[in-house]
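Okay, structure first, notes after.
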Protein chains: 2
Amino acid sequence: MKTSCRFAMAVHVLTVLAYKEGDRVPSSQLAGSVNTNPVIIRRLLLDLQAARLVETTKGAGAGSRLSRAPSRIHLAEVYEAVEAKIPFAKPTRKPNEHCPVGQCMREVLEKIFTSAEAALKRDLQKTTLASLMTDVQAICGCHGKS
Amino acid sequence: MKTSCRFAMAVHVLTVLAYKEGDRVPSSQLAGSVNTNPVIIRRLLLDLQAARLVETTKGAGAGSRLSRAPSRIHLAEVYEAVEAKIPFAKPTRKPNEHCPVGQCMREVLEKIFTSAEAALKRDLQKTTLASLMTDVQAICGCHGKS
DNA sequence: CCTTTTTGTAACTCCAGGTGTTACACAGAT
DNA sequence: ATCTGTGTAACACCTGGAGTTACAAAAAGG
């Protein structure tokens, strides 16, 4: 299994926003922190906006901020917001028609994948942005704005 | 998140082998069931061999078979055997040196990813090849050797 | 109204990884 | 010796994500 970088980037971005405590942060600044292109960040923010995790405004002095307290944002939401909708890849080619096992393989795999992904989300649900921030502080000792 | 097709293919292959009840099955036949190329199957079998899930012999009348009873093979093993070693993608570029959050992001994400993957494996562990076979029977009614 | 800042978005390029294919050496059975 | 089937290399191909540039449109401030 593999995630795209999007989940890691999203967590990074949201953590930065949490530290900014409601200040509007432009995509260029977030891109600086993640060390990527502002457009990548904006595309990510679009997903986070749709999930009501951040609020973004346009214009001079504008940018994004969290739309909720960090304690009320858990990582399962982030995962759902930015990660691909189809978690487990199914083979592109159809299974052999004549093989009895192949016929119902897709259905069986579907069940397994759904259950596994649910377990994964349950685990991510245990971590909130707030608890993540205390971890960050414990590790590198940074806290407060910028 | 996304898996490669390898996990789905591996489950498919192992299920077929389970139905063959110890008979040696050549890669060409397995490829026929999955509807892919025999080389793809052989590459997959190499991983399954390394994980001691199947035994493969060479020569005329040879092929692969399960090395254990289906009830003693659970999907977490299969997952570990064939899936990429690095489950969650980390950004290729290093985070900005000047950003305090970026500094420890990797470490924090590592913890989260490890925990999430463990949860996923625990879920897969609940399904054995044998229980999967009863599901297959329930859905499409096939049972016994091909 | 004009300028500045910043987002949203399109149109690309680039790259990695997985899939598929062909070809061939080697191993084992009869 | 022959036939069957694996292990493996060397490709071509395709998809998806990351990155980049460019530009229209929105909002704020004079």
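Chain labels follow the order of the structure tokens: the first chain is A, the next B, and so on; residue numbering restarts at 1 in every chain, and ligands are counted from 1 in their shown order.
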Is it possible to get the superposed chain B, fitted on chain A over all Cα pairs by sequence order, as an mmCIF file with C-alpha atoms, in the first residue's frame?
data_model
loop_
_atom_site.group_PDB
_atom_site.id
_atom_site.type_symbol
_atom_site.label_atom_id
_atom_site.label_comp_id
_atom_site.auth_asym_id
_atom_site.auth_seq_id
_atom_site.Cartn_x
_atom_site.Cartn_y
_atom_site.Cartn_z
ATOM 1 C CA MET B 1 0.109 0.065 0.097
ATOM 2 C CA LYS B 2 1.188 3.578 -0.508
ATOM 3 C CA THR B 3 -0.315 6.975 0.047
ATOM 4 C CA SER B 4 0.401 9.945 -2.111
ATOM 5 C CA CYS B 5 2.302 12.788 -0.501
ATOM 6 C CA ARG B 6 -0.983 14.638 -0.212
ATOM 7 C CA PHE B 7 -1.877 13.286 3.190
ATOM 8 C CA ALA B 8 1.512 14.111 4.631
ATOM 9 C CA MET B 9 1.379 17.562 3.076
ATOM 10 C CA ALA B 10 -2.120 18.176 4.368
ATOM 11 C CA VAL B 11 -1.146 17.273 7.910
ATOM 12 C CA HIS B 12 1.862 19.537 7.619
ATOM 13 C CA VAL B 13 -0.198 22.452 6.324
ATOM 14 C CA LEU B 14 -2.907 22.053 8.934
ATOM 15 C CA THR B 15 -0.339 21.898 11.696
ATOM 16 C CA VAL B 16 1.186 25.137 10.529
ATOM 17 C CA LEU B 17 -2.250 26.737 10.437
ATOM 18 C CA ALA B 18 -2.927 25.467 13.937
ATOM 19 C CA TYR B 19 0.203 27.183 15.162
ATOM 20 C CA LYS B 20 -0.888 30.415 13.512
ATOM 21 C CA GLU B 21 -3.946 30.420 15.725
ATOM 22 C CA GLY B 22 -6.472 31.781 13.276
ATOM 23 C CA ASP B 23 -4.267 34.145 11.334
ATOM 24 C CA ARG B 24 -4.728 34.018 7.593
ATOM 25 C CA VAL B 25 -1.781 32.370 5.915
ATOM 26 C CA PRO B 26 -1.211 32.676 2.154
ATOM 27 C CA SER B 27 -0.429 29.633 0.065
ATOM 28 C CA SER B 28 3.002 31.003 -0.743
ATOM 29 C CA GLN B 29 3.959 30.908 2.919
ATOM 30 C CA LEU B 30 2.607 27.396 3.415
ATOM 31 C CA ALA B 31 4.480 26.335 0.295
ATOM 32 C CA GLY B 32 7.615 27.752 1.840
ATOM 33 C CA SER B 33 7.200 25.600 4.914
ATOM 34 C CA VAL B 34 6.514 22.414 2.996
ATOM 35 C CA ASN B 35 9.103 23.473 0.434
ATOM 36 C CA THR B 36 6.960 23.058 -2.634
ATOM 37 C CA ASN B 37 5.066 25.136 -5.157
ATOM 38 C CA PRO B 38 2.162 27.375 -4.061
ATOM 39 C CA VAL B 39 -0.086 25.826 -6.690
ATOM 40 C CA ILE B 40 0.355 22.407 -5.119
ATOM 41 C CA ILE B 41 -0.741 23.871 -1.815
ATOM 42 C CA ARG B 42 -3.742 25.614 -3.343
ATOM 43 C CA ARG B 43 -4.918 22.413 -4.950
ATOM 44 C CA LEU B 44 -4.622 20.737 -1.582
ATOM 45 C CA LEU B 45 -6.472 23.580 0.112
ATOM 46 C CA LEU B 46 -9.367 23.150 -2.287
ATOM 47 C CA ASP B 47 -9.901 19.664 -0.917
ATOM 48 C CA LEU B 48 -9.557 20.858 2.653
ATOM 49 C CA GLN B 49 -12.066 23.627 1.975
ATOM 50 C CA ALA B 50 -14.560 21.163 0.564
ATOM 51 C CA ALA B 51 -14.206 19.132 3.754
ATOM 52 C CA ARG B 52 -14.819 22.280 5.829
ATOM 53 C CA LEU B 53 -11.471 21.986 7.522
ATOM 54 C CA VAL B 54 -10.116 25.341 6.412
ATOM 55 C CA GLU B 55 -11.535 28.654 5.266
ATOM 56 C CA THR B 56 -9.848 30.547 2.493
ATOM 57 C CA THR B 57 -10.310 34.146 1.408
ATOM 58 C CA LYS B 58 -9.017 35.999 -1.599
ATOM 59 C CA GLY B 59 -7.381 39.346 -1.985
ATOM 60 C CA ALA B 60 -4.677 41.306 -0.295
ATOM 61 C CA GLY B 61 -3.806 40.076 3.192
ATOM 62 C CA ALA B 62 -5.921 37.015 2.637
ATOM 63 C CA GLY B 63 -5.144 33.323 2.921
ATOM 64 C CA SER B 64 -6.345 30.265 4.803
ATOM 65 C CA ARG B 65 -7.041 29.416 8.414
ATOM 66 C CA LEU B 66 -8.558 26.509 10.303
ATOM 67 C CA SER B 67 -12.335 26.586 10.434
ATOM 68 C CA ARG B 68 -12.419 24.704 13.756
ATOM 69 C CA ALA B 69 -10.350 24.322 16.878
ATOM 70 C CA PRO B 70 -7.420 21.903 16.443
ATOM 71 C CA SER B 71 -8.931 19.665 19.085
ATOM 72 C CA ARG B 72 -11.952 19.138 16.880
ATOM 73 C CA ILE B 73 -10.078 18.091 13.766
ATOM 74 C CA HIS B 74 -8.971 14.479 13.652
ATOM 75 C CA LEU B 75 -6.776 12.900 11.046
ATOM 76 C CA ALA B 76 -9.433 10.592 9.664
ATOM 77 C CA GLU B 77 -11.183 13.651 8.272
ATOM 78 C CA VAL B 78 -7.957 14.858 6.746
ATOM 79 C CA TYR B 79 -7.362 11.482 5.215
ATOM 80 C CA GLU B 80 -10.810 11.377 3.698
ATOM 81 C CA ALA B 81 -10.519 14.919 2.428
ATOM 82 C CA VAL B 82 -7.311 14.587 0.464
ATOM 83 C CA GLU B 83 -6.706 10.945 -0.265
ATOM 84 C CA ALA B 84 -7.776 9.057 -3.341
ATOM 85 C CA LYS B 85 -11.300 7.776 -3.270
ATOM 86 C CA ILE B 86 -10.424 4.263 -4.354
ATOM 87 C CA PRO B 87 -8.125 2.936 -1.661
ATOM 88 C CA PHE B 88 -7.324 -0.528 -2.913
ATOM 89 C CA ALA B 89 -6.411 -1.045 -6.530
ATOM 90 C CA LYS B 90 -8.301 -3.713 -8.337
ATOM 91 C CA PRO B 91 -6.775 -5.382 -11.375
ATOM 92 C CA THR B 92 -7.466 -3.505 -14.569
ATOM 93 C CA ARG B 93 -8.325 -6.612 -16.466
ATOM 94 C CA LYS B 94 -11.401 -8.610 -15.770
ATOM 95 C CA PRO B 95 -10.830 -12.072 -14.351
ATOM 96 C CA ASN B 96 -11.230 -15.056 -16.613
ATOM 97 C CA GLU B 97 -14.894 -15.831 -17.247
ATOM 98 C CA HIS B 98 -14.316 -19.538 -17.102
ATOM 99 C CA CYS B 99 -12.695 -19.523 -13.703
ATOM 100 C CA PRO B 100 -15.235 -20.008 -10.930
ATOM 101 C CA VAL B 101 -13.044 -18.296 -8.364
ATOM 102 C CA GLY B 102 -12.448 -15.274 -10.541
ATOM 103 C CA GLN B 103 -16.140 -14.621 -10.839
ATOM 104 C CA CYS B 104 -16.720 -13.556 -7.263
ATOM 105 C CA MET B 105 -13.220 -12.407 -6.440
ATOM 106 C CA ARG B 106 -14.038 -8.763 -6.880
ATOM 107 C CA GLU B 107 -16.929 -8.962 -4.504
ATOM 108 C CA VAL B 108 -14.940 -10.767 -1.833
ATOM 109 C CA LEU B 109 -12.033 -8.371 -2.160
ATOM 110 C CA GLU B 110 -14.396 -5.443 -1.890
ATOM 111 C CA LYS B 111 -15.523 -6.634 1.527
ATOM 112 C CA ILE B 112 -11.974 -7.113 2.726
ATOM 113 C CA PHE B 113 -10.845 -3.723 1.482
ATOM 114 C CA THR B 114 -13.788 -1.904 2.986
ATOM 115 C CA SER B 115 -13.173 -3.463 6.360
ATOM 116 C CA ALA B 116 -9.447 -2.763 6.251
ATOM 117 C CA GLU B 117 -9.920 0.848 5.295
ATOM 118 C CA ALA B 118 -12.447 1.321 8.075
ATOM 119 C CA ALA B 119 -9.905 -0.024 10.560
ATOM 120 C CA LEU B 120 -7.356 2.399 9.231
ATOM 121 C CA LYS B 121 -9.709 5.339 9.595
ATOM 122 C CA ARG B 122 -10.639 4.328 13.115
ATOM 123 C CA ASP B 123 -6.991 4.496 14.006
ATOM 124 C CA LEU B 124 -6.524 7.906 12.419
ATOM 125 C CA GLN B 125 -9.555 9.130 14.280
ATOM 126 C CA LYS B 126 -7.669 8.754 17.526
ATOM 127 C CA THR B 127 -5.292 11.563 16.621
ATOM 128 C CA THR B 128 -6.507 15.140 16.613
ATOM 129 C CA LEU B 129 -4.616 18.124 15.345
ATOM 130 C CA ALA B 130 -4.306 19.245 18.964
ATOM 131 C CA SER B 131 -2.759 16.007 20.185
ATOM 132 C CA LEU B 132 -0.454 16.113 17.194
ATOM 133 C CA MET B 133 0.703 19.563 18.268
ATOM 134 C CA THR B 134 1.686 18.325 21.696
ATOM 135 C CA ASP B 135 3.690 15.584 19.983
ATOM 136 C CA VAL B 136 5.417 18.202 17.905
ATOM 137 C CA GLN B 137 6.266 20.161 21.009
ATOM 138 C CA ALA B 138 7.585 17.101 22.752
ATOM 139 C CA ILE B 139 9.862 16.277 19.860
ATOM 140 C CA CYS B 140 11.266 19.590 18.757
ATOM 141 C CA GLY B 141 10.160 21.864 21.534
ATOM 142 C CA CYS B 142 8.495 24.429 19.310
ATOM 143 C CA HIS B 143 5.263 26.041 20.360
ATOM 144 C CA GLY B 144 3.269 29.224 19.873
ATOM 145 C CA LYS B 145 3.141 31.228 16.674
ATOM 146 C CA SER B 146 5.974 30.860 14.217
#
ask   = Quick one: which residues from chain D are at most 9 Å off chain A, using only C-alpha atoms (C1' of nucleotides), as a ChimeraX atom specification?
value = /D:17-20,26-29
Please save N, CA and C atoms (P, O5', C5', C4', C3', O3' and C1' of nucleotides) of the selected residues as a compact mmCIF listing (two decimals), in the first residue's frame.
# COMPACT_ATOMS: atom_id res chain seq x y z
P DG D 17 -3.17 10.31 -8.52
O5' DG D 17 -1.81 10.99 -8.08
C5' DG D 17 -0.78 10.17 -7.54
C4' DG D 17 0.49 10.97 -7.41
C3' DG D 17 0.27 12.36 -6.82
O3' DG D 17 1.26 12.59 -5.83
C1' DG D 17 1.33 12.52 -8.95
P DA D 18 1.40 14.01 -5.12
O5' DA D 18 2.56 14.67 -5.97
C5' DA D 18 3.82 14.02 -6.02
C4' DA D 18 4.83 14.91 -6.71
C3' DA D 18 4.86 16.34 -6.18
O3' DA D 18 6.22 16.73 -6.00
C1' DA D 18 4.45 16.33 -8.52
P DG D 19 6.50 18.16 -5.38
O5' DG D 19 6.71 19.04 -6.68
C5' DG D 19 7.73 18.67 -7.59
C4' DG D 19 7.65 19.54 -8.82
C3' DG D 19 7.58 21.05 -8.56
O3' DG D 19 8.73 21.65 -9.13
C1' DG D 19 6.04 20.40 -10.23
P DT D 20 9.01 23.18 -8.92
O5' DT D 20 8.44 23.85 -10.24
C5' DT D 20 8.82 23.33 -11.50
C4' DT D 20 8.14 24.11 -12.62
C3' DT D 20 7.99 25.60 -12.33
O3' DT D 20 8.75 26.33 -13.29
C1' DT D 20 5.97 24.65 -13.20
P DA D 26 -14.88 37.55 -10.33
O5' DA D 26 -14.49 37.67 -8.80
C5' DA D 26 -14.15 36.48 -8.08
C4' DA D 26 -13.32 36.87 -6.87
C3' DA D 26 -13.89 38.03 -6.07
O3' DA D 26 -13.82 37.70 -4.70
C1' DA D 26 -11.65 38.48 -6.62
P DA D 27 -14.93 38.32 -3.64
O5' DA D 27 -14.03 39.30 -2.77
C5' DA D 27 -13.10 38.72 -1.87
C4' DA D 27 -12.01 39.72 -1.58
C3' DA D 27 -12.47 41.03 -0.92
O3' DA D 27 -11.80 41.14 0.31
C1' DA D 27 -10.88 41.43 -2.65
P DA D 28 -12.41 42.11 1.45
O5' DA D 28 -11.16 43.06 1.72
C5' DA D 28 -9.86 42.47 1.77
C4' DA D 28 -8.82 43.56 1.58
C3' DA D 28 -9.18 44.90 2.22
O3' DA D 28 -8.09 45.35 2.98
C1' DA D 28 -8.59 45.19 -0.05
P DG D 29 -8.31 46.63 3.96
O5' DG D 29 -7.33 47.72 3.35
C5' DG D 29 -6.25 47.30 2.50
C4' DG D 29 -5.63 48.54 1.86
C3' DG D 29 -6.09 49.85 2.52
O3' DG D 29 -5.03 50.79 2.54
C1' DG D 29 -6.72 49.84 0.24
request  = as a PyMOL selection string, list the residues of chain A assigned to strand (DSSP E or B) by DSSP on the backbone atoms of this structure.
outcome  = chain A and resi 2+25+54-56+64-66+74+128
Using N, CA and C atoms, can you export the residues from the last selection as a CSV table (one decimal), in the first residue's frame?
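Heads up, here's the output in again.csv:
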chain,number,residue,atom,x,y,z
A,2,LYS,N,0.3,2.3,-0.5
A,2,LYS,CA,1.1,3.5,-0.6
A,2,LYS,C,0.1,4.7,-0.6
A,25,VAL,N,-3.1,32.7,6.4
A,25,VAL,CA,-1.8,32.4,5.9
A,25,VAL,C,-1.9,32.1,4.4
A,54,VAL,N,-10.7,24.0,6.5
A,54,VAL,CA,-10.1,25.4,6.4
A,54,VAL,C,-11.0,26.3,5.7
A,55,GLU,N,-10.8,27.6,6.0
A,55,GLU,CA,-11.5,28.7,5.3
A,55,GLU,C,-10.5,29.5,4.5
A,56,THR,N,-10.8,29.8,3.3
A,56,THR,CA,-9.8,30.6,2.5
A,56,THR,C,-10.5,31.8,1.9
A,64,SER,N,-5.5,31.3,4.2
A,64,SER,CA,-6.3,30.3,4.8
A,64,SER,C,-6.1,30.2,6.3
A,65,ARG,N,-7.1,29.7,7.0
A,65,ARG,CA,-7.0,29.4,8.4
A,65,ARG,C,-7.9,28.3,8.8
A,66,LEU,N,-7.7,27.7,9.9
A,66,LEU,CA,-8.5,26.5,10.3
A,66,LEU,C,-10.0,27.0,10.5
A,74,HIS,N,-9.8,15.7,13.6
A,74,HIS,CA,-9.0,14.5,13.7
A,74,HIS,C,-8.5,14.0,12.3
A,128,THR,N,-6.0,13.9,17.1
A,128,THR,CA,-6.5,15.2,16.7
A,128,THR,C,-5.3,16.1,16.4
request  = Would you return as a ChimeraX atom specification the members of chain A that DSSP assigns to helix (DSSP H, G or I) on this structure's backbone?
outcome  = /A:5-19,27-34,38-50,70-72,75-82,100-124,129-140
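One finds atom C1' of DC2 of chain C at 18.9 Å from atom C1' of DC23 of chain D.
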